[in-house]
Amino acid sequence: MKKTILYVLIVVILFMFSGCPVIFNPIEIPDQIANEGEQFKLDLTDYTNAVNINEVKYKIVGDSVGRISGQEFIWDNPTFDKNGTKVTIKAENDRGVEKESDFKITVNRKPTQPENISPNNYDYVVGNPIVLKWESTDEDVENDFDDYLKFDVYFGNDQDNLDNIAEDIEATSTKVEEELVDGANYYWQVVAKDRNSEVESDIWEFEYGTSSLIQVNAIVDREGDNYGEKIKVQINGETKAETENATSIYTKPSTVTLTAIFNANKSSFSNWDVNSDYESQINDTSDTEIEIYVNERDLYATATFQLNRYNITVGASPAEGGEVTGGRTYKYGDKVIVTATPNEGYNFIGWIEDEDIVSTNATYTFTVDSDRNLTAEFEEKTYTLNVAKEGNGITYPEEGSYTKKATWTETLIATPTGDYEFRGWKLSTGETIEATTTEIDVNDETITATALFKRPEFEITVSATPTEGGTVTGGGTYELNSNVTVIATPNEHWGFNGWFEDSSIVSTNTSYTFNATEDRDLVAQFKSTLLTIDSTPLSGIPILVNGEEKPTPYSTSLNPGQSIEVTASPTLMLNLINEEDIPYSDFGAQNDASFTFVKWSDDNSSGTRTFDENNNGKYIIEYDVEFLLKTNTWPSLTYIDRDSADVNFPKCGWYKYGTSIALRVPKDTYIDNEEKTPVAFNNWEINGIKETDNRTTKLDVVFNEPKFIVAVYNPCAAE
């Protein structure tokens with residue numbers, strides 16, 4: 001037992017001196033509420049469970065708002081987010097053990113400061129009971145967030161010691177139940193409260209009385225729109241209202257001062273009109289300020305204003321230049337339209353005021369705000385003839401501008417010089433006159449007459465023959481003696497013979513340049529440079545071109561200075577079919593086609609000939625062609641009675657190209673062996689290809705190639 005107690009004691013001592021190496025549930029921060037725009041502070045040690053709490057360090061994890069100052073979390077300027085703001089705090093003890101806590105901060109939007117509705121500040125109030133009214137809102141409540149808005153109301157005649165007469169009410173009004181003293185001043189204040197804040201109103205004051213109030217009615221009477229006309233109402237020297245509309249104020253018997261306010265540039269004050277009870281107190285109704293002692297009866301006072309009148313004067317300069325309208329007397333703010341109409345022979349320049357142009361429009365619109373003296377400036381019309389020319393020639397009148405103050409008729413004369421021709425007078429009115437001498441009426445303010453001088457023009461046309469031989473450019477319309485360049489571009493396998501005109505060659509150069517002196521029709525003549533050599537009745541027969549073997553058809557282009565030598569062999573023996581690939585065949589590799597030169601398509605019988613640019617075209621070599629026929633059977637010892645077959649099996653022979661023959665074999669026969677094994681015809685095999693469409697014992701053969709034919713018998717099919 002003593003040993004156990006000693007062991008426990010040792011463990012306790014070690015634990016005490018260990019400094020608590022681990023933080024147990026070190027930081028658990030509940031959700032918080034902060035006020036919008038107010039610094040929020042949170043002492044993190046209040047939510048941390050650790051030995052040596054002063055040694056715990058904190059930091060913000062991630063992009064959370066706020067900052068750490070010592071052991072406090074601080075958010076300097078909280079901003080509203082309807083979803084709240086998440087914050088993660090990490091705590092680390094003096095042994096390096098870390099723990100985190102997440103919490104949400106909801107930002108509360110405070111109520112607005114309560115505003116007085118009634119009674120107005122410093123009002124004289126009568127009646128019982130007195131109802132206090134105010135106005136305050138809370139944005140969180142209006143948007144159905146988790147919040148409330150309530151009010152505490154304080155009231156009394158000592159503004160430093162007000163009594164709480166209503167607490168936690170939701171209404172924005174309350175009655176004063178206590179008995180009020182006549183002639184006493186009272187003070188009141190409202191505190192708006194929500195879930196996390198309180199907002200105090202100003203302290204308001206009113207005077208309570210039991211006597212009836214007198215009504216002061218101030219009425220503004222004006223013409224048209226409002227241009228700032230007002231009435232200022234003062235009671236016992238204190239301003240109660242300054243209004244542009246009719247208004248009513250209640251007061252005890254007092255001295256009332258009424259002042260008419262207006263903008264002298266826009267309107268003027270006419271007079272006051274008051275009810276008969278107070279007429280005797282006004283010496284001059286045209287004074288802008290009157291003073292009346294109001295005792296027992298209501299006061300009705302009307303201030304009448306009149307808009308200023310302004311004179312708009314219009315005139316014309318010179319007087320004979322035109323007519324003007326729109327000048328007369330206008331009220332301030334009226335829309336004015338003045339018009340200027342020039343007389344015949346005059347143009348309108350602009351409206352002038354104090355030597356400045358205020359508008360260049362004949363109809364000038366503005367709003368009246370002062371007297372104005374406007375002059376419509378006119379000037380006498382002038383008529384200008386501009387004479388010009390294009391090209392070389394002489395005009396009358398000479399090139400230049402001619403101006404008169406009246407319309408006139410002018411004679412125009414055009415005389416071409418050098419190799420130029422006259423093409424007409426072009427007028428700015430759009431008209432063209434072909435005559436060299438003409439008369440025009442200068443009755444527009446500006447007319448331009450241009451004499452058109454041009455050299456003779458010639459049409460150069462170009463074409464190609466044959467059209468497939470190439471392309472040509474350079475055709476068009478050209479002035480006399482201008483340079484013309486026409487270009488011929490041959491297509492592939494075509495050469496250029498020359499430029500021809502009226503069947504005569506004029507140039508052998510593809511680019512031909514000359515001066516335009518007449519119409520010309522030029523033809524670029526092309527010639528094919530393509531030589532093609534083929535063979536008949538079959539293509540693909542080898543020929544020698546400059547000693548090099550080439551198959552037919554063979555094509556090449558022969559340009560001037562080029563030539564080739566072509567040889568058609570007198571006799572060719574070719575192996576066209578690879579017999580080694582033919583099944584069931586014991587044929588040996590040998591020549592199976594024979595080609596014997598006959599002549600050329602132009603009846604030339606020379607086997608070797610030379611071609612140059614003069615022999616372009618197509619030439620065909622004619623051959624006599626024979627093909628080898630070989631026949632056999634499979635199995636190879638199959639007996640074919642010569643009397644029952646059209647052709648011997650096996651057989652080897654030559655046939656001309658295109659020849660037709662028929663082969664026939666017996667349907668049933670035998671293998672010529674000791675057993676005489678019977679066999680039955682199965683199918684034909686031609687050049688190694690099984691004839692599946694013809695299983696008869698007769699085979700029609702046309703010689704368009706060598707033929708290696710096997711009659712295939714089937715031992716299994718024999719009866």
# chains A, B, ... in the order shown; residues from 1 in each chain; ligands from 1
$ residues_around --residues "region 111-113 of chain A" --least-positions-apart "6" --cutoff "8 Å" --atoms "only C-alpha atoms" --output "PyMOL selection string"
chain A and resi 136-139+149+192-194+197-201
$ write_last_selection --atoms "C-alpha atoms" --output "CSV table (one decimal), in the first residue's frame"
chain,number,residue,atom,x,y,z
A,136,SER,CA,-36.4,54.5,-37.0
A,137,THR,CA,-35.7,51.5,-39.2
A,138,ASP,CA,-33.5,48.4,-39.1
A,139,GLU,CA,-32.3,46.9,-42.4
A,149,LEU,CA,-36.2,46.4,-33.5
A,192,ALA,CA,-33.6,52.1,-30.7
A,193,LYS,CA,-32.4,48.6,-29.9
A,194,ASP,CA,-31.7,45.5,-31.9
A,197,SER,CA,-26.7,47.5,-30.5
A,198,GLU,CA,-28.5,50.6,-29.2
A,199,VAL,CA,-28.8,53.9,-31.0
A,200,GLU,CA,-29.9,57.1,-29.1
A,201,SER,CA,-31.9,59.9,-30.6
$ residues_around --residues "Glu445 (chain A)" --least-positions-apart "5" --cutoff "9 Å" --atoms "only C-alpha atoms" --output "ChimeraX atom specification"
/A:381-385,407
$ select_by_dssp --residues "region 14-250 of chain A" --states "helix (DSSP H, G or I)" --output "ChimeraX atom specification"
/A:14-17,44-47,53-55,139-142
$ closest_residue --among "A:Thr417, A:Arg309, A:Ser557, A:Phe348" --to "Arg372 (chain A)" --atoms "only C-alpha atoms"
A:Arg309
$ select_by_dssp --residues "region 469-717 of chain A" --states "strand (DSSP E or B)" --output "NGL selection string"
:A and (470-473 or 476-479 or 483-490 or 494-501 or 504-507 or 511-515 or 520-528 or 530-536 or 542-545 or 548-551 or 554-557 or 563-567 or 571-574 or 593-600 or 608-612 or 617-634 or 638 or 651-656 or 660-664 or 668-671 or 678-686 or 689-691 or 698-702 or 707-714)
$ write_last_selection --atoms "C-alpha atoms" --output "short mmCIF file (atom, residue, chain, number, x, y, z; two decimals), in the first residue's frame"
data_model
loop_
_atom_site.label_atom_id
_atom_site.label_comp_id
_atom_site.auth_asym_id
_atom_site.auth_seq_id
_atom_site.Cartn_x
_atom_site.Cartn_y
_atom_site.Cartn_z
CA GLY A 470 -2.51 30.46 -122.86
CA THR A 471 -3.66 33.78 -121.45
CA VAL A 472 -3.30 37.36 -122.71
CA THR A 473 -3.36 40.75 -120.95
CA GLY A 476 -8.11 48.31 -123.08
CA THR A 477 -8.69 51.93 -124.04
CA TYR A 478 -5.59 54.09 -124.51
CA GLU A 479 -4.98 57.74 -125.34
CA ASN A 483 2.53 53.18 -124.31
CA VAL A 484 0.70 49.86 -124.61
CA THR A 485 2.18 46.55 -123.48
CA VAL A 486 0.37 43.31 -124.26
CA ILE A 487 1.61 40.06 -122.74
CA ALA A 488 1.01 36.44 -123.81
CA THR A 489 1.58 33.68 -121.25
CA PRO A 490 1.59 30.07 -122.64
CA TRP A 494 2.18 25.11 -125.11
CA GLY A 495 4.59 27.44 -126.90
CA PHE A 496 4.15 30.97 -128.22
CA ASN A 497 4.31 31.52 -131.99
CA GLY A 498 3.82 35.30 -132.04
CA TRP A 499 1.42 38.25 -131.98
CA PHE A 500 -0.65 38.42 -135.17
CA GLU A 501 -2.72 41.23 -136.65
CA SER A 504 0.35 38.94 -140.20
CA ILE A 505 2.88 38.45 -137.44
CA VAL A 506 3.82 41.71 -135.69
CA SER A 507 5.99 40.37 -132.87
CA SER A 511 5.65 40.98 -124.31
CA TYR A 512 4.87 43.41 -127.12
CA THR A 513 5.06 47.22 -126.52
CA PHE A 514 3.90 49.93 -128.92
CA ASN A 515 2.33 53.42 -129.01
CA ARG A 520 -5.84 47.37 -133.00
CA ASP A 521 -6.98 43.73 -132.78
CA LEU A 522 -4.07 41.51 -131.70
CA VAL A 523 -4.12 37.71 -131.52
CA ALA A 524 -1.58 35.69 -129.54
CA GLN A 525 -1.01 32.45 -131.43
CA PHE A 526 -0.03 29.42 -129.34
CA LYS A 527 1.22 26.04 -130.49
CA SER A 528 1.17 22.80 -128.56
CA LEU A 530 3.31 18.14 -126.45
CA LEU A 531 4.50 15.00 -128.27
CA THR A 532 2.68 11.78 -127.39
CA ILE A 533 3.70 8.34 -128.67
CA ASP A 534 1.36 5.38 -128.15
CA SER A 535 0.98 1.89 -129.58
CA THR A 536 -1.86 -0.18 -131.04
CA PRO A 542 8.27 -0.58 -124.58
CA ILE A 543 10.00 1.85 -126.91
CA LEU A 544 13.45 3.44 -126.83
CA VAL A 545 13.62 7.22 -126.27
CA GLU A 548 16.24 4.69 -122.75
CA GLU A 549 13.34 2.24 -122.54
CA LYS A 550 9.93 3.83 -121.93
CA PRO A 551 6.44 2.26 -121.97
CA TYR A 554 4.93 8.34 -123.67
CA SER A 555 4.58 12.15 -123.59
CA THR A 556 7.05 15.04 -123.57
CA SER A 557 7.19 18.72 -124.57
CA SER A 563 14.50 16.89 -130.38
CA ILE A 564 14.32 13.21 -129.39
CA GLU A 565 15.02 9.88 -131.16
CA VAL A 566 12.38 7.16 -130.81
CA THR A 567 12.88 3.50 -131.77
CA THR A 571 10.13 -7.65 -133.16
CA LEU A 572 9.52 -7.95 -129.45
CA MET A 573 9.04 -11.17 -127.54
CA LEU A 574 7.73 -10.52 -124.04
CA ALA A 593 3.59 -12.32 -126.47
CA SER A 594 5.00 -11.37 -129.87
CA PHE A 595 5.01 -7.77 -131.25
CA THR A 596 6.09 -7.09 -134.85
CA PHE A 597 6.49 -3.45 -135.96
CA VAL A 598 4.30 -2.51 -138.95
CA LYS A 599 4.34 1.32 -139.34
CA TRP A 600 3.58 4.68 -137.71
CA THR A 608 13.64 4.70 -135.71
CA ARG A 609 12.81 8.37 -136.25
CA THR A 610 13.63 11.83 -134.85
CA PHE A 611 11.03 14.27 -133.50
CA ASP A 612 11.48 18.07 -132.94
CA GLY A 617 1.14 15.92 -131.72
CA LYS A 618 0.16 12.29 -131.24
CA TYR A 619 1.89 9.44 -133.09
CA ILE A 620 0.82 5.78 -132.83
CA ILE A 621 3.01 2.75 -133.53
CA GLU A 622 1.10 -0.10 -135.22
CA TYR A 623 2.11 -3.69 -134.31
CA ASP A 624 1.08 -7.17 -135.34
CA VAL A 625 0.45 -8.91 -132.03
CA GLU A 626 0.27 -12.64 -131.28
CA PHE A 627 -0.37 -14.31 -127.94
CA LEU A 628 0.66 -17.75 -126.77
CA LEU A 629 -2.01 -20.34 -125.88
CA LYS A 630 -1.09 -23.23 -123.56
CA THR A 631 -3.55 -25.87 -122.41
CA ASN A 632 -3.29 -28.58 -119.80
CA THR A 633 -5.35 -30.65 -117.40
CA TRP A 634 -5.41 -31.23 -113.74
CA THR A 638 -6.04 -36.80 -117.13
CA LYS A 651 -1.05 -27.97 -126.33
CA CYS A 652 1.06 -24.87 -127.10
CA GLY A 653 0.32 -22.46 -129.99
CA TRP A 654 0.19 -18.81 -131.14
CA TYR A 655 -2.91 -16.77 -132.01
CA LYS A 656 -3.31 -13.25 -133.38
CA SER A 660 -11.73 -16.10 -131.02
CA ILE A 661 -11.73 -19.90 -130.53
CA ALA A 662 -13.80 -22.42 -128.55
CA LEU A 663 -12.35 -25.13 -126.32
CA ARG A 664 -14.28 -28.31 -125.51
CA ASP A 668 -16.14 -37.67 -117.84
CA THR A 669 -12.76 -39.32 -118.37
CA TYR A 670 -10.00 -40.96 -116.34
CA ILE A 671 -6.49 -40.53 -115.13
CA PRO A 678 -12.30 -41.98 -113.22
CA VAL A 679 -12.65 -38.19 -113.00
CA ALA A 680 -15.39 -35.65 -113.82
CA PHE A 681 -15.01 -32.12 -115.22
CA ASN A 682 -15.21 -29.48 -112.50
CA ASN A 683 -14.18 -26.08 -113.88
CA TRP A 684 -11.84 -24.05 -116.11
CA GLU A 685 -8.75 -22.23 -114.84
CA ILE A 686 -7.59 -19.23 -116.97
CA ILE A 689 -8.06 -17.64 -112.01
CA LYS A 690 -10.90 -20.10 -111.39
CA GLU A 691 -13.85 -19.60 -113.73
CA LYS A 698 -17.08 -25.62 -123.51
CA LEU A 699 -14.99 -22.42 -123.14
CA ASP A 700 -15.01 -19.46 -125.59
CA VAL A 701 -11.65 -17.72 -125.73
CA VAL A 702 -10.78 -14.25 -127.16
CA LYS A 707 -3.89 -17.61 -122.29
CA PHE A 708 -2.83 -20.42 -119.96
CA ILE A 709 -5.91 -22.62 -119.65
CA VAL A 710 -6.33 -25.65 -117.40
CA ALA A 711 -9.29 -28.03 -117.50
CA VAL A 712 -9.76 -29.07 -113.87
CA TYR A 713 -11.21 -32.53 -113.11
CA ASN A 714 -12.39 -33.88 -109.79
#
$ atom_distance --atom1 "CA of Tyr124 (chain A)" --atom2 "CA of Ile203 (chain A)"
16.2 Å
$ residues_around --residues "Ala340 (chain A)" --least-positions-apart "3" --cutoff "8 Å" --atoms "only C-alpha atoms" --output "PyMOL selection string"
chain A and resi 322-325+348+362-363+376
$ residues_around --residues "Thr257 (chain A)" --least-positions-apart "5" --cutoff "9 Å" --atoms "only C-alpha atoms" --output "list in words"
Lys232, Val233, Gln234, Ile235, Asn236, Gly237, Thr239, Glu289, Ile290, Glu291, Ile292 and Tyr293 of chain A
$ closest_residue --among "A:Ser482, A:Glu421, A:Ile440, A:Trp408" --to "Phe453 (chain A)" --atoms "only C-alpha atoms"
A:Glu421
$ residues_around --residues "region 397-404 of chain A" --least-positions-apart "5" --cutoff "12 Å" --atoms "only C-alpha atoms" --output "PyMOL selection string"
chain A and resi 345+380-390+409-415+437-439+442-451
$ closest_residue --among "A:Gly333, A:Pro253, A:Gly350, A:Pro114" --to "Ser370 (chain A)" --atoms "only C-alpha atoms"
A:Gly333
$ closest_residue --among "A:Asp419, A:Asp441, A:Glu38, A:Glu207" --to "Pro119 (chain A)" --atoms "only C-alpha atoms"
A:Glu207
$ atom_distance --atom1 "CA of Asn373 (chain A)" --atom2 "CA of Ile312 (chain A)"
6.1 Å
$ closest_residue --among "A:Phe151, A:Phe649, A:Tyr186, A:Phe73" --to "Glu205 (chain A)" --atoms "only C-alpha atoms"
A:Tyr186
$ residues_around --residues "Leu452 (chain A)" --least-positions-apart "3" --cutoff "8 Å" --atoms "only C-alpha atoms" --output "list in words"
Lys389, Glu390, Gly391, Phe422, Arg423, Gly424, Trp425 and Lys426 of chain A
$ write_last_selection --atoms "N, CA and C atoms" --output "PDB file, in the first residue's frame"
ATOM      1  N   LYS A 389     -10.411  73.778-116.694  1.00  0.00           N
ATOM      2  CA  LYS A 389     -10.212  72.883-117.830  1.00  0.00           C
ATOM      3  C   LYS A 389      -9.451  71.648-117.378  1.00  0.00           C
ATOM      4  N   GLU A 390      -9.610  70.583-118.150  1.00  0.00           N
ATOM      5  CA  GLU A 390      -8.836  69.357-117.975  1.00  0.00           C
ATOM      6  C   GLU A 390      -8.182  69.048-119.311  1.00  0.00           C
ATOM      7  N   GLY A 391      -6.883  68.883-119.329  1.00  0.00           N
ATOM      8  CA  GLY A 391      -6.163  68.627-120.564  1.00  0.00           C
ATOM      9  C   GLY A 391      -5.675  69.925-121.192  1.00  0.00           C
ATOM     10  N   PHE A 422     -11.683  68.229-127.999  1.00  0.00           N
ATOM     11  CA  PHE A 422     -12.648  68.751-127.030  1.00  0.00           C
ATOM     12  C   PHE A 422     -13.748  67.718-126.833  1.00  0.00           C
ATOM     13  N   ARG A 423     -14.041  67.402-125.567  1.00  0.00           N
ATOM     14  CA  ARG A 423     -15.048  66.386-125.245  1.00  0.00           C
ATOM     15  C   ARG A 423     -16.290  66.972-124.588  1.00  0.00           C
ATOM     16  N   GLY A 424     -16.312  68.270-124.340  1.00  0.00           N
ATOM     17  CA  GLY A 424     -17.527  68.864-123.803  1.00  0.00           C
ATOM     18  C   GLY A 424     -17.274  69.777-122.614  1.00  0.00           C
ATOM     19  N   TRP A 425     -18.293  70.617-122.325  1.00  0.00           N
ATOM     20  CA  TRP A 425     -18.300  71.439-121.106  1.00  0.00           C
ATOM     21  C   TRP A 425     -19.037  70.666-120.008  1.00  0.00           C
ATOM     22  N   LYS A 426     -18.379  70.442-118.879  1.00  0.00           N
ATOM     23  CA  LYS A 426     -19.008  69.768-117.735  1.00  0.00           C
ATOM     24  C   LYS A 426     -19.370  70.822-116.699  1.00  0.00           C
TER      25      LYS A 426
END
$ atom_distance --atom1 "CA of Lys86 (chain A)" --atom2 "CA of Gly37 (chain A)"
17.5 Å
$ decode --residues "region 529-540 of chain A" --atoms "N, CA and C atoms" --output "mmCIF file, in the first residue's frame"
data_model
loop_
_atom_site.group_PDB
_atom_site.id
_atom_site.type_symbol
_atom_site.label_atom_id
_atom_site.label_comp_id
_atom_site.auth_asym_id
_atom_site.auth_seq_id
_atom_site.Cartn_x
_atom_site.Cartn_y
_atom_site.Cartn_z
ATOM 1 N N THR A 529 3.285 22.101 -127.611
ATOM 2 C CA THR A 529 4.647 21.545 -127.590
ATOM 3 C C THR A 529 4.637 20.087 -127.155
ATOM 4 N N LEU A 530 3.426 19.487 -127.015
ATOM 5 C CA LEU A 530 3.312 18.143 -126.453
ATOM 6 C C LEU A 530 3.433 17.097 -127.560
ATOM 7 N N LEU A 531 4.342 16.167 -127.400
ATOM 8 C CA LEU A 531 4.503 15.004 -128.272
ATOM 9 C C LEU A 531 4.075 13.784 -127.481
ATOM 10 N N THR A 532 3.143 13.003 -128.045
ATOM 11 C CA THR A 532 2.678 11.781 -127.388
ATOM 12 C C THR A 532 2.863 10.618 -128.349
ATOM 13 N N ILE A 533 3.474 9.557 -127.870
ATOM 14 C CA ILE A 533 3.695 8.342 -128.667
ATOM 15 C C ILE A 533 3.000 7.199 -127.959
ATOM 16 N N ASP A 534 2.095 6.507 -128.705
ATOM 17 C CA ASP A 534 1.357 5.378 -128.152
ATOM 18 C C ASP A 534 1.480 4.204 -129.111
ATOM 19 N N SER A 535 0.901 3.091 -128.750
ATOM 20 C CA SER A 535 0.976 1.890 -129.579
ATOM 21 C C SER A 535 -0.396 1.283 -129.705
ATOM 22 N N THR A 536 -0.596 0.522 -130.790
ATOM 23 C CA THR A 536 -1.856 -0.176 -131.039
ATOM 24 C C THR A 536 -1.536 -1.561 -131.591
ATOM 25 N N PRO A 537 -2.290 -2.529 -131.269
ATOM 26 C CA PRO A 537 -3.582 -2.461 -130.575
ATOM 27 C C PRO A 537 -3.486 -2.398 -129.064
ATOM 28 N N LEU A 538 -2.292 -2.417 -128.511
ATOM 29 C CA LEU A 538 -2.136 -2.373 -127.062
ATOM 30 C C LEU A 538 -1.180 -1.258 -126.688
ATOM 31 N N SER A 539 -1.462 -0.612 -125.521
ATOM 32 C CA SER A 539 -0.504 0.308 -124.918
ATOM 33 C C SER A 539 0.367 -0.457 -123.944
ATOM 34 N N GLY A 540 1.452 0.227 -123.547
ATOM 35 C CA GLY A 540 2.350 -0.395 -122.589
ATOM 36 C C GLY A 540 3.507 -1.113 -123.231
#
